[in-house]
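What follows is a single structure, written as structure tokens, with notes after it.
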Amino acid sequence: MIRPLHAAVLLALALPALPAASASVASSDLATVSEQSGFVRTGRYEEVIALCDRFAKAYPKAVRCIEFGTTPEGRPMKALVASTRGAFTPDQARRQNLPVVLIQGGIHAGEIDGKDAGFLALREVLEGKAAAGSLDKLVWVFVPVFNVDGHERFGAWNRPNQRGPVEMGWRVTAQNYNLNRDYVKADAPEMQAMLRLVQQWDPLAYVDLHATDGAQFEHDISVQVEPVHAGDEGLRVAGRTLRDGVLADLAKQGSLPLPYYPSFVVGDDPSSGFEDSVAPPRFSHGYFLLRNRIGMLVETHSWKEYPVRVKITRNTIVATLDQIAAHGADWLKAAQQADAAAAKLAGQPVPLEWAASKQSHPVEFRGYEYTRTPSDVSGALMTRYDETRPQIWKVPMRDDLHPSLSIPAPGAGYLVPAAYAGWVGEKLKQHGIEFRRVPALAKENVEAFRATRTRFGAQPVETHQRLTVEGAWAPEARDVPAGSLFVPIAQPRARLLMALLEPQGPDSLAAWGEFNSAFERKEYMEDYVAEDVARKMLQDPAVKAAFDQKLKDDPEFARNPAARLEFFYRRHPAWDERFNLYPVYRTSRVP
């Protein structure tokens with residue numbers, strides 16, 4: 001939908017103009033529907049299929065069109081591989097030691113800036129008008145639309161607080177998955193296809209193109225990169241250099257870029273300021289730092305008009321290609337060094353979650369004048385912006401980030417019992433994590449995690465009932481059946497492995513509810529039986545002393561008949577010793 005231009009007109013005038021929809025452009029086989037419409041509309045997915053083939057035919061020595069998956073509704077998932085070095089396969093790229101950058105649009109298919117900007121940038125790069133010579137120093141894998149089925153759920157109001165295009169796709173997939181919550185759990189067929197593509201190409205950098213929702217302000221784009229705050233120390237230098245280089249390039253071209261996601265700390269209250277973060281690995285840029293690679297989240301501002309957003313996204317793509325062409329060889333070495341360092345994390349504390357401290361400092365933010373007054377419609381306090389009156393907001397920024405959860409890496413790795421080995425093994429394969437099956441191990445000395453408290457989510461999240469556990473690892477002797485998995489910590493993706501298998505990690509398989517059955521009580525003792533059992537057990541002086549002390553120290557326990565009977569049941573041989581036992585063990589010995 002197209003709304004009044006307001007201040008966006010001024011911003012558009014400050015930026016280099018997009019190509020006009022001239023007769024020559026309109027007749028070009030490589031011009032998008034968007035370009036031909038003056039960047040008012042965006043094309044349907046059939047255009048992506050056609051352009052993929054047309055680019056390959058127009059530039060047979062520089063572009064290949066590939067298919068890397070099929071959506072649940074049967075549509076092909078297309079990517080373009082661009083290289084002037086003939087590196088059209090992962091092996092060819094590796095043999096030439098070329099860094100690979102994977103740039104994707106349309107993970108949220110209503111935010112489709114990346115598709116139209118990507119095709120425009122690709123043509124200009126191939127014509128030598130932008131990022132000249134970059135394709136001789138890198139391989140660009142371009143996925144115009146990740147969420148293909150969502151793209152074809154086309155409509156004019158799919159993004160109600162976004163200025164254009166006239167119609168666009170839908171946020172989630174045909175199966176109602178949000179792909180940018182799926183990188184670790186990888187439920188969606190589309191994500192599984194993407195992870196196979198990632199496994200094949202092993203991109204140095206993965207660039208995820210979005211248009212954000214949110215408040216109204218003058219800033220037009222945010223670029224978040226990791227590793228910067230988290231991940232491998234050496235690779236953080238590369239991440240910071242890439243981020244700062246892209247931001248500087250954008251600023252030179254008239255943009256007002258931000259290095260953080262501009263979401264207020266409190267609801268829609270601008271005065272609450274901002275808080276930086278390290279995204280958990282359900283998100284693209286939180287995932288790739290765990291692979292010792294660079295993840296970049298690009299968010300244009302939805303209140304800017306579509307031509308402005310496409311231009312800024314195009315500029316971001318070009319700046320990224322320029323930066324990787326200039327530094328990619330060195331950054332590739334840094335990534336390889338990060339792989340080697342990750343394989344030596346045994347016993348070291350590994351951060352799994354990050355948070356900002358309470359420290360803050362003021363920042364000057366380019367916003368608009370606003371009021372916050374009660375609404376006679378909703379009854380809530382409502383923020384209203386005046387785009388005709390720019391205003392500098394002096395607001396607090398919390399960006400002093402520290403690990404909020406760190407877990408020492410196991411000495412040797414993890415053991416996954418045979419009962420869970422099938423599906424866990426498949427999940428590990430999706431992420432390229434090494435493991436092997438082991439013979440039966442009797443009374444193996446391991447670390448076991450027993451939950452002392454569990455909290456199940458009241459509402460489903462992405463089809464899952466989330467689980468939060470409290471507890472600790474402690475030494476135990478456990479029988480490990482034949483066919484169980486040994487997953488070594490000494491491998492390049494050790495951080496990703498820990499994110500998956502440490503039960504308290506924010507996006508672990510346990511946190512996503514994949515092991516919920518282990519934390520569900522299945523067997524019971526009838527009260528009248530428990531009563532008799534309790535009387536017999538009270539004949540043991542130690543049991544009686546512990547019971548009496550519990551009655552004295554815990555009034556709530558003393559008032560709860562069920563809790564009093566369970567006191568004895570938990571000490572009886574009938575108690576299920578596997579209840580609340582996390583069915584993955586840590587080991588300090590390579591079996």
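A note on labels: chains of the structure tokens are A, B, ... as shown, every chain counts residues from 1, and ligands are counted from 1 in their shown order.
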
Can you pull out every residue within 10 Å of range 406-420 of chain A, counting only C-alpha atoms, but drop anything in the same chain fewer than 6 positions away, and send it as a short mmCIF file (atom, residue, chain, number, x, y, z; two decimals) with all heavy atoms, in the first residue's frame?
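File written: selection-v1.cif
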data_model
loop_
_atom_site.label_atom_id
_atom_site.label_comp_id
_atom_site.auth_asym_id
_atom_site.auth_seq_id
_atom_site.Cartn_x
_atom_site.Cartn_y
_atom_site.Cartn_z
N LYS A 344 39.04 -26.87 20.72
CA LYS A 344 39.85 -26.97 21.94
C LYS A 344 39.14 -26.34 23.14
O LYS A 344 39.78 -25.91 24.09
CB LYS A 344 41.20 -26.29 21.72
CG LYS A 344 42.03 -26.90 20.59
CD LYS A 344 43.31 -26.13 20.35
CE LYS A 344 44.10 -26.71 19.18
NZ LYS A 344 45.34 -25.94 18.90
N LEU A 345 37.81 -26.30 23.10
CA LEU A 345 37.05 -25.65 24.17
C LEU A 345 36.81 -26.54 25.38
O LEU A 345 36.25 -26.07 26.38
CB LEU A 345 35.68 -25.19 23.63
CG LEU A 345 35.68 -23.95 22.73
CD1 LEU A 345 34.29 -23.69 22.19
CD2 LEU A 345 36.19 -22.73 23.49
N ALA A 346 37.20 -27.79 25.35
CA ALA A 346 36.93 -28.72 26.45
C ALA A 346 37.33 -28.11 27.79
O ALA A 346 38.46 -27.63 27.96
CB ALA A 346 37.67 -30.03 26.23
N GLY A 347 36.40 -28.11 28.73
CA GLY A 347 36.66 -27.61 30.07
C GLY A 347 36.55 -26.11 30.23
O GLY A 347 36.54 -25.61 31.36
N GLN A 348 36.47 -25.36 29.13
CA GLN A 348 36.41 -23.90 29.22
C GLN A 348 34.97 -23.43 29.33
O GLN A 348 34.05 -24.04 28.78
CB GLN A 348 37.04 -23.27 27.97
CG GLN A 348 38.50 -23.59 27.76
CD GLN A 348 39.06 -22.90 26.54
OE1 GLN A 348 38.73 -21.75 26.25
NE2 GLN A 348 39.91 -23.59 25.81
N PRO A 349 34.73 -22.31 30.04
CA PRO A 349 33.37 -21.77 30.10
C PRO A 349 32.94 -21.25 28.74
O PRO A 349 33.69 -20.51 28.09
CB PRO A 349 33.47 -20.65 31.14
CG PRO A 349 34.92 -20.28 31.17
CD PRO A 349 35.68 -21.53 30.85
N VAL A 350 31.75 -21.62 28.32
CA VAL A 350 31.23 -21.20 27.01
C VAL A 350 29.92 -20.45 27.24
O VAL A 350 28.97 -21.01 27.77
CB VAL A 350 30.98 -22.43 26.10
CG1 VAL A 350 30.33 -21.99 24.79
CG2 VAL A 350 32.30 -23.16 25.83
N PRO A 351 29.85 -19.16 26.88
CA PRO A 351 28.61 -18.41 27.06
C PRO A 351 27.50 -18.97 26.15
O PRO A 351 27.71 -19.20 24.96
CB PRO A 351 28.99 -16.99 26.64
CG PRO A 351 30.48 -16.93 26.76
CD PRO A 351 30.95 -18.30 26.40
N LEU A 352 26.32 -19.16 26.73
CA LEU A 352 25.15 -19.62 25.98
C LEU A 352 24.08 -18.55 25.89
O LEU A 352 23.17 -18.65 25.08
CB LEU A 352 24.56 -20.88 26.63
CG LEU A 352 25.46 -22.11 26.64
CD1 LEU A 352 24.75 -23.27 27.33
CD2 LEU A 352 25.87 -22.51 25.23
N GLU A 353 24.18 -17.54 26.74
CA GLU A 353 23.18 -16.47 26.74
C GLU A 353 23.85 -15.19 27.22
O GLU A 353 24.74 -15.23 28.08
CB GLU A 353 22.00 -16.85 27.64
CG GLU A 353 20.76 -16.00 27.44
CD GLU A 353 19.54 -16.60 28.12
OE1 GLU A 353 19.70 -17.51 28.96
OE2 GLU A 353 18.42 -16.17 27.80
N TRP A 354 23.40 -14.07 26.65
CA TRP A 354 24.00 -12.77 26.96
C TRP A 354 22.90 -11.80 27.40
O TRP A 354 21.74 -11.94 27.02
CB TRP A 354 24.72 -12.19 25.74
CG TRP A 354 25.90 -12.99 25.31
CD1 TRP A 354 25.91 -14.22 24.72
CD2 TRP A 354 27.28 -12.63 25.47
NE1 TRP A 354 27.18 -14.66 24.48
CE2 TRP A 354 28.05 -13.70 24.93
CE3 TRP A 354 27.92 -11.52 25.99
CZ2 TRP A 354 29.44 -13.67 24.91
CZ3 TRP A 354 29.30 -11.49 25.96
CH2 TRP A 354 30.05 -12.55 25.43
N PHE A 435 29.31 -37.07 15.06
CA PHE A 435 29.03 -38.00 16.14
C PHE A 435 29.28 -39.41 15.63
O PHE A 435 29.44 -39.63 14.43
CB PHE A 435 27.58 -37.85 16.63
CG PHE A 435 26.55 -38.17 15.59
CD1 PHE A 435 26.06 -39.46 15.42
CD2 PHE A 435 26.04 -37.17 14.75
CE1 PHE A 435 25.11 -39.76 14.45
CE2 PHE A 435 25.09 -37.45 13.78
CZ PHE A 435 24.63 -38.75 13.63
N ARG A 436 29.30 -40.36 16.56
CA ARG A 436 29.39 -41.76 16.18
C ARG A 436 28.65 -42.60 17.21
O ARG A 436 28.43 -42.18 18.35
CB ARG A 436 30.84 -42.22 16.08
CG ARG A 436 31.66 -42.11 17.34
CD ARG A 436 33.08 -42.61 17.13
NE ARG A 436 33.94 -42.35 18.27
CZ ARG A 436 34.02 -43.11 19.36
NH1 ARG A 436 33.26 -44.21 19.44
NH2 ARG A 436 34.84 -42.82 20.34
N ARG A 437 28.26 -43.79 16.80
CA ARG A 437 27.58 -44.72 17.71
C ARG A 437 28.61 -45.51 18.50
O ARG A 437 29.72 -45.76 18.02
CB ARG A 437 26.64 -45.65 16.94
CG ARG A 437 25.46 -44.89 16.31
CD ARG A 437 24.44 -45.81 15.68
NE ARG A 437 23.34 -45.04 15.12
CZ ARG A 437 22.23 -44.71 15.76
NH1 ARG A 437 22.07 -45.12 17.02
NH2 ARG A 437 21.28 -44.01 15.19
N VAL A 438 28.22 -45.91 19.72
CA VAL A 438 29.15 -46.61 20.60
C VAL A 438 28.54 -47.93 21.05
O VAL A 438 27.32 -48.10 21.05
CB VAL A 438 29.50 -45.74 21.84
CG1 VAL A 438 30.23 -44.49 21.42
CG2 VAL A 438 28.24 -45.39 22.63
N ALA A 440 27.73 -50.91 24.01
CA ALA A 440 27.19 -50.79 25.36
C ALA A 440 28.29 -50.44 26.35
O ALA A 440 29.41 -50.99 26.29
CB ALA A 440 26.50 -52.08 25.76
N VAL A 446 29.73 -40.66 34.25
CA VAL A 446 29.31 -39.53 33.44
C VAL A 446 28.86 -38.40 34.36
O VAL A 446 28.81 -38.54 35.58
CB VAL A 446 28.13 -39.92 32.51
CG1 VAL A 446 28.54 -41.03 31.55
CG2 VAL A 446 26.89 -40.31 33.31
N GLU A 447 28.54 -37.26 33.76
CA GLU A 447 27.80 -36.21 34.44
C GLU A 447 26.35 -36.30 33.98
O GLU A 447 26.08 -36.37 32.77
CB GLU A 447 28.36 -34.84 34.10
CG GLU A 447 29.72 -34.52 34.67
CD GLU A 447 30.15 -33.13 34.26
OE1 GLU A 447 30.74 -33.00 33.17
OE2 GLU A 447 29.88 -32.17 35.00
N ASP A 479 24.33 -46.79 32.93
CA ASP A 479 24.46 -47.73 31.83
C ASP A 479 24.11 -47.01 30.53
O ASP A 479 23.09 -46.33 30.45
CB ASP A 479 23.51 -48.92 32.03
CG ASP A 479 23.94 -49.82 33.17
OD1 ASP A 479 25.15 -49.85 33.48
OD2 ASP A 479 23.06 -50.49 33.77
N VAL A 480 24.96 -47.16 29.54
CA VAL A 480 24.75 -46.53 28.24
C VAL A 480 24.53 -47.65 27.23
O VAL A 480 25.46 -48.40 26.92
CB VAL A 480 25.96 -45.65 27.84
CG1 VAL A 480 25.73 -45.01 26.49
CG2 VAL A 480 26.22 -44.59 28.91
N PRO A 481 23.31 -47.79 26.70
CA PRO A 481 23.02 -48.92 25.80
C PRO A 481 23.79 -48.86 24.49
O PRO A 481 24.22 -47.78 24.05
CB PRO A 481 21.51 -48.80 25.55
CG PRO A 481 21.00 -47.90 26.62
CD PRO A 481 22.12 -46.98 26.97
N ALA A 482 23.97 -50.00 23.88
CA ALA A 482 24.59 -50.07 22.55
C ALA A 482 23.76 -49.25 21.57
O ALA A 482 22.53 -49.24 21.63
CB ALA A 482 24.69 -51.52 22.09
N GLY A 483 24.43 -48.59 20.66
CA GLY A 483 23.74 -47.75 19.69
C GLY A 483 23.56 -46.32 20.14
O GLY A 483 23.01 -45.49 19.41
N SER A 484 24.01 -45.99 21.36
CA SER A 484 23.98 -44.61 21.82
C SER A 484 24.99 -43.78 21.02
O SER A 484 25.90 -44.33 20.38
CB SER A 484 24.29 -44.53 23.31
OG SER A 484 23.32 -45.23 24.06
N LEU A 485 24.85 -42.47 21.08
CA LEU A 485 25.73 -41.57 20.33
C LEU A 485 26.78 -40.98 21.24
O LEU A 485 26.47 -40.55 22.36
CB LEU A 485 24.93 -40.43 19.69
CG LEU A 485 23.73 -40.78 18.82
CD1 LEU A 485 23.13 -39.49 18.25
CD2 LEU A 485 24.11 -41.74 17.72
N PHE A 486 28.00 -40.93 20.75
CA PHE A 486 29.04 -40.10 21.36
C PHE A 486 29.25 -38.90 20.46
O PHE A 486 29.54 -39.05 19.27
CB PHE A 486 30.34 -40.87 21.53
CG PHE A 486 31.49 -39.98 21.94
CD1 PHE A 486 31.47 -39.30 23.15
CD2 PHE A 486 32.58 -39.78 21.10
CE1 PHE A 486 32.51 -38.47 23.53
CE2 PHE A 486 33.62 -38.95 21.46
CZ PHE A 486 33.60 -38.29 22.68
N VAL A 487 29.08 -37.71 21.02
CA VAL A 487 29.23 -36.46 20.26
C VAL A 487 30.42 -35.71 20.83
O VAL A 487 30.34 -35.13 21.92
CB VAL A 487 27.95 -35.60 20.36
CG1 VAL A 487 27.99 -34.49 19.31
CG2 VAL A 487 26.70 -36.44 20.21
N PRO A 488 31.56 -35.72 20.14
CA PRO A 488 32.77 -35.11 20.71
C PRO A 488 32.67 -33.60 20.77
O PRO A 488 32.11 -32.95 19.88
CB PRO A 488 33.87 -35.56 19.74
CG PRO A 488 33.16 -35.80 18.45
CD PRO A 488 31.79 -36.32 18.81
N ILE A 489 33.21 -33.05 21.84
CA ILE A 489 33.29 -31.59 21.94
C ILE A 489 34.43 -31.05 21.08
O ILE A 489 34.42 -29.88 20.68
CB ILE A 489 33.45 -31.15 23.41
CG1 ILE A 489 33.17 -29.65 23.57
CG2 ILE A 489 34.83 -31.50 23.94
CD1 ILE A 489 31.75 -29.25 23.31
N ALA A 490 35.40 -31.89 20.76
CA ALA A 490 36.55 -31.47 19.96
C ALA A 490 36.18 -31.45 18.49
O ALA A 490 36.56 -32.33 17.71
CB ALA A 490 37.74 -32.40 20.21
N GLN A 491 35.42 -30.44 18.11
CA GLN A 491 35.05 -30.25 16.71
C GLN A 491 34.74 -28.78 16.47
O GLN A 491 34.45 -28.03 17.41
CB GLN A 491 33.86 -31.12 16.33
CG GLN A 491 32.59 -30.93 17.13
CD GLN A 491 31.46 -31.80 16.59
OE1 GLN A 491 31.08 -31.69 15.41
NE2 GLN A 491 30.94 -32.70 17.43
N ALA A 494 31.66 -26.77 18.11
CA ALA A 494 31.46 -27.08 19.53
C ALA A 494 30.46 -26.13 20.19
O ALA A 494 29.65 -26.55 21.02
CB ALA A 494 32.80 -27.03 20.27
N ARG A 495 30.52 -24.85 19.84
CA ARG A 495 29.57 -23.89 20.43
C ARG A 495 28.13 -24.22 20.03
O ARG A 495 27.22 -24.15 20.86
CB ARG A 495 29.92 -22.46 20.00
CG ARG A 495 31.16 -21.88 20.64
CD ARG A 495 31.32 -20.41 20.28
NE ARG A 495 32.49 -19.81 20.92
CZ ARG A 495 33.71 -19.85 20.44
NH1 ARG A 495 33.94 -20.46 19.27
NH2 ARG A 495 34.72 -19.29 21.08
N LEU A 497 27.04 -27.17 19.16
CA LEU A 497 26.72 -28.41 19.85
C LEU A 497 26.22 -28.12 21.26
O LEU A 497 25.19 -28.67 21.71
CB LEU A 497 27.96 -29.31 19.89
CG LEU A 497 27.92 -30.52 20.81
CD1 LEU A 497 26.77 -31.44 20.46
CD2 LEU A 497 29.25 -31.26 20.76
N MET A 498 26.92 -27.25 21.98
CA MET A 498 26.51 -26.94 23.35
C MET A 498 25.17 -26.20 23.36
O MET A 498 24.33 -26.43 24.24
CB MET A 498 27.58 -26.12 24.05
CG MET A 498 28.86 -26.90 24.33
SD MET A 498 30.05 -25.98 25.34
CE MET A 498 29.18 -25.87 26.91
N LEU A 501 22.58 -29.03 23.08
CA LEU A 501 22.47 -30.10 24.06
C LEU A 501 22.56 -29.66 25.52
O LEU A 501 22.26 -30.47 26.40
CB LEU A 501 23.52 -31.18 23.78
CG LEU A 501 23.35 -31.97 22.48
CD1 LEU A 501 24.34 -33.13 22.41
CD2 LEU A 501 21.92 -32.49 22.33
N GLU A 502 22.99 -28.44 25.80
CA GLU A 502 22.96 -27.98 27.19
C GLU A 502 21.51 -27.61 27.53
O GLU A 502 20.95 -26.69 26.94
CB GLU A 502 23.89 -26.79 27.41
CG GLU A 502 25.35 -27.16 27.47
CD GLU A 502 25.68 -28.03 28.69
OE1 GLU A 502 25.00 -27.89 29.73
OE2 GLU A 502 26.61 -28.85 28.59
N GLN A 504 19.89 -25.96 29.67
CA GLN A 504 19.50 -24.62 30.12
C GLN A 504 19.76 -23.55 29.07
O GLN A 504 19.43 -22.38 29.30
CB GLN A 504 20.24 -24.29 31.41
CG GLN A 504 19.80 -25.17 32.58
CD GLN A 504 20.55 -24.86 33.85
OE1 GLN A 504 21.77 -25.05 33.93
NE2 GLN A 504 19.85 -24.39 34.86
N GLY A 505 20.30 -23.93 27.91
CA GLY A 505 20.49 -22.98 26.83
C GLY A 505 19.14 -22.46 26.33
O GLY A 505 18.15 -23.19 26.30
N PHE A 515 12.53 -32.88 24.73
CA PHE A 515 12.73 -33.95 25.72
C PHE A 515 11.66 -33.89 26.82
O PHE A 515 11.87 -34.42 27.91
CB PHE A 515 14.12 -33.82 26.36
CG PHE A 515 15.27 -34.10 25.44
CD1 PHE A 515 16.00 -33.06 24.87
CD2 PHE A 515 15.63 -35.40 25.12
CE1 PHE A 515 17.07 -33.31 24.03
CE2 PHE A 515 16.70 -35.66 24.28
CZ PHE A 515 17.42 -34.62 23.72
N PRO A 583 17.89 -36.88 29.47
CA PRO A 583 18.44 -38.08 28.82
C PRO A 583 19.59 -37.81 27.86
O PRO A 583 19.65 -38.36 26.76
CB PRO A 583 17.21 -38.64 28.09
CG PRO A 583 16.40 -37.45 27.77
CD PRO A 583 16.59 -36.49 28.91
N VAL A 584 20.50 -36.97 28.28
CA VAL A 584 21.78 -36.75 27.60
C VAL A 584 22.81 -36.59 28.71
O VAL A 584 22.56 -35.89 29.69
CB VAL A 584 21.75 -35.50 26.70
CG1 VAL A 584 23.14 -35.23 26.12
CG2 VAL A 584 20.73 -35.64 25.58
N TYR A 585 23.95 -37.23 28.55
CA TYR A 585 24.99 -37.17 29.58
C TYR A 585 26.22 -36.46 29.02
O TYR A 585 26.45 -36.41 27.81
CB TYR A 585 25.39 -38.58 30.04
CG TYR A 585 24.24 -39.49 30.38
CD1 TYR A 585 24.19 -40.80 29.89
CD2 TYR A 585 23.17 -39.04 31.16
CE1 TYR A 585 23.13 -41.65 30.19
CE2 TYR A 585 22.11 -39.87 31.46
CZ TYR A 585 22.09 -41.17 30.96
OH TYR A 585 21.03 -42.00 31.25
N ARG A 586 27.00 -35.94 29.94
CA ARG A 586 28.32 -35.40 29.60
C ARG A 586 29.37 -36.42 30.04
O ARG A 586 29.21 -37.10 31.05
CB ARG A 586 28.56 -34.07 30.30
CG ARG A 586 27.69 -32.94 29.81
CD ARG A 586 27.61 -31.80 30.81
NE ARG A 586 28.90 -31.32 31.23
CZ ARG A 586 29.43 -30.13 30.93
NH1 ARG A 586 28.76 -29.30 30.14
NH2 ARG A 586 30.60 -29.77 31.39
N THR A 587 30.46 -36.46 29.28
CA THR A 587 31.53 -37.39 29.63
C THR A 587 32.89 -36.72 29.46
O THR A 587 33.08 -35.87 28.58
CB THR A 587 31.46 -38.68 28.77
OG1 THR A 587 32.54 -39.54 29.13
CG2 THR A 587 31.56 -38.36 27.28
N SER A 588 33.80 -37.11 30.33
CA SER A 588 35.18 -36.61 30.23
C SER A 588 36.10 -37.65 29.60
O SER A 588 37.30 -37.44 29.51
CB SER A 588 35.71 -36.23 31.61
OG SER A 588 35.66 -37.35 32.48
N ARG A 589 35.50 -38.77 29.16
CA ARG A 589 36.29 -39.86 28.55
C ARG A 589 35.77 -40.14 27.16
O ARG A 589 34.56 -40.22 26.93
CB ARG A 589 36.16 -41.12 29.40
CG ARG A 589 37.00 -42.29 28.91
CD ARG A 589 36.73 -43.54 29.74
NE ARG A 589 35.47 -44.18 29.38
CZ ARG A 589 35.36 -45.11 28.42
NH1 ARG A 589 36.42 -45.47 27.70
NH2 ARG A 589 34.18 -45.67 28.17
N VAL A 590 36.66 -40.26 26.20
CA VAL A 590 36.27 -40.65 24.85
C VAL A 590 36.02 -42.15 24.85
O VAL A 590 36.95 -42.94 25.10
CB VAL A 590 37.37 -40.29 23.82
CG1 VAL A 590 36.98 -40.80 22.44
CG2 VAL A 590 37.61 -38.79 23.80
N PRO A 591 34.78 -42.61 24.62
CA PRO A 591 34.50 -44.06 24.68
C PRO A 591 35.07 -44.80 23.47
O PRO A 591 35.25 -44.22 22.41
CB PRO A 591 32.98 -44.11 24.72
CG PRO A 591 32.55 -42.85 24.05
CD PRO A 591 33.60 -41.82 24.35
#

From range 499-591 of chain A, collect each residue whose DSSP state is alpha helix (DSSP H) and return the set as a VMD selection string.
-> chain A and resid 499 to 501 527 to 537 541 to 553 555 to 559 561 to 569

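The smallest atom-to-atom distance between Asp330 in chain A and any of A:Asn315, A:Ser83, A:Asn147, A:Thr241, using only C-alpha atoms, is found for A:Thr241.
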
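Neighbours of Leu290 in chain A closer than or equal to 9 Å, with only C-alpha atoms counted and sequence neighbours fewer than 6 positions away skipped, come out as A:Pro227, A:Gly231, A:Asp232, A:Pro281, A:Arg493, A:Ala494, A:Arg495, A:Leu496, A:Leu497, A:Ala499.
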
Atoms kept (N, CA, C and O atoms) for selection, written as a JSON list (two decimals), in the first residue's frame:
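The resulting result_15.json:
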[["chain", "number", "residue", "atom", "x", "y", "z"],
["A", 227, "PRO", "N", 29.86, -12.56, 14.81],
["A", 227, "PRO", "CA", 30.44, -12.17, 16.09],
["A", 227, "PRO", "C", 30.90, -10.70, 16.14],
["A", 227, "PRO", "O", 31.67, -10.27, 15.28],
["A", 231, "GLY", "N", 30.88, -14.93, 20.58],
["A", 231, "GLY", "CA", 31.58, -15.80, 19.64],
["A", 231, "GLY", "C", 33.09, -15.73, 19.76],
["A", 231, "GLY", "O", 33.65, -15.17, 20.71],
["A", 232, "ASP", "N", 33.75, -16.29, 18.78],
["A", 232, "ASP", "CA", 35.21, -16.36, 18.76],
["A", 232, "ASP", "C", 35.83, -14.97, 18.80],
["A", 232, "ASP", "O", 35.43, -14.07, 18.04],
["A", 281, "PRO", "N", 20.21, -18.38, 19.11],
["A", 281, "PRO", "CA", 20.41, -19.00, 17.79],
["A", 281, "PRO", "C", 19.16, -19.43, 17.06],
["A", 281, "PRO", "O", 19.27, -20.04, 16.01],
["A", 493, "ARG", "N", 32.27, -27.06, 15.43],
["A", 493, "ARG", "CA", 30.97, -26.51, 15.81],
["A", 493, "ARG", "C", 30.64, -26.82, 17.27],
["A", 493, "ARG", "O", 29.48, -27.07, 17.62],
["A", 494, "ALA", "N", 31.66, -26.77, 18.11],
["A", 494, "ALA", "CA", 31.46, -27.08, 19.53],
["A", 494, "ALA", "C", 30.46, -26.13, 20.19],
["A", 494, "ALA", "O", 29.65, -26.55, 21.02],
["A", 495, "ARG", "N", 30.52, -24.85, 19.84],
["A", 495, "ARG", "CA", 29.57, -23.89, 20.43],
["A", 495, "ARG", "C", 28.13, -24.22, 20.03],
["A", 495, "ARG", "O", 27.22, -24.15, 20.86],
["A", 496, "LEU", "N", 27.94, -24.57, 18.79],
["A", 496, "LEU", "CA", 26.60, -24.93, 18.32],
["A", 496, "LEU", "C", 26.14, -26.21, 19.00],
["A", 496, "LEU", "O", 24.97, -26.34, 19.37],
["A", 497, "LEU", "N", 27.04, -27.17, 19.16],
["A", 497, "LEU", "CA", 26.72, -28.41, 19.85],
["A", 497, "LEU", "C", 26.22, -28.12, 21.26],
["A", 497, "LEU", "O", 25.19, -28.67, 21.71],
["A", 499, "ALA", "N", 24.95, -25.32, 22.39],
["A", 499, "ALA", "CA", 23.67, -24.62, 22.31],
["A", 499, "ALA", "C", 22.52, -25.60, 22.11],
["A", 499, "ALA", "O", 21.40, -25.38, 22.59]]

For range 457-467 of chain A, find every residue with an atom within 7 Å (counting only C-alpha atoms), except residues of its own chain fewer than 5 positions away, and show them as a short mmCIF file (atom, residue, chain, number, x, y, z; two decimals) with C-alpha atoms, in the first residue's frame.
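Produced file part.cif, reproduced below:
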data_model
loop_
_atom_site.label_atom_id
_atom_site.label_comp_id
_atom_site.auth_asym_id
_atom_site.auth_seq_id
_atom_site.Cartn_x
_atom_site.Cartn_y
_atom_site.Cartn_z
CA TYR A 177 6.35 -21.46 10.73
CA ALA A 510 15.36 -29.32 25.76
CA ALA A 511 14.20 -25.69 25.87
CA TRP A 512 12.13 -26.30 22.73
CA GLY A 513 10.39 -29.18 24.50
#

Using only C-alpha atoms, pick whichever of A:Phe557, A:Phe547, A:Phe119, A:Tyr261 has the shortest atom-to-atom distance to Val223 in chain A.
->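 Looking at the shortest contact to Val223 in chain A, the residue is A:Tyr261.
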
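Of the residues listed (A:Val543, A:Ala319, A:Cys65, A:Ala132), A:Ala319 shows the shortest atom-to-atom separation from Ala248 in chain A; distances use only C-alpha atoms.
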
If you count only C-alpha atoms, which residues fall within 12 Å of Ala93 in chain A, apart from same-chain ones fewer than 5 positions away, as number ranges by chain?
-> A: 81-88, 98-101, 135-141, 200-204

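Here CA of Ala58 in chain A stands at a distance of 8.9 Å from CA of Asp29 in chain A.
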
Determine, counting only C-alpha atoms, which protein, DNA and RNA residues have an atom within 8 Å of an atom of Glu218 in chain A; residues of the same chain fewer than 2 positions away are not included. Present the result as an NGL selection string.
-> :A and (216 or 220 or 256 or 366-368 or 390)
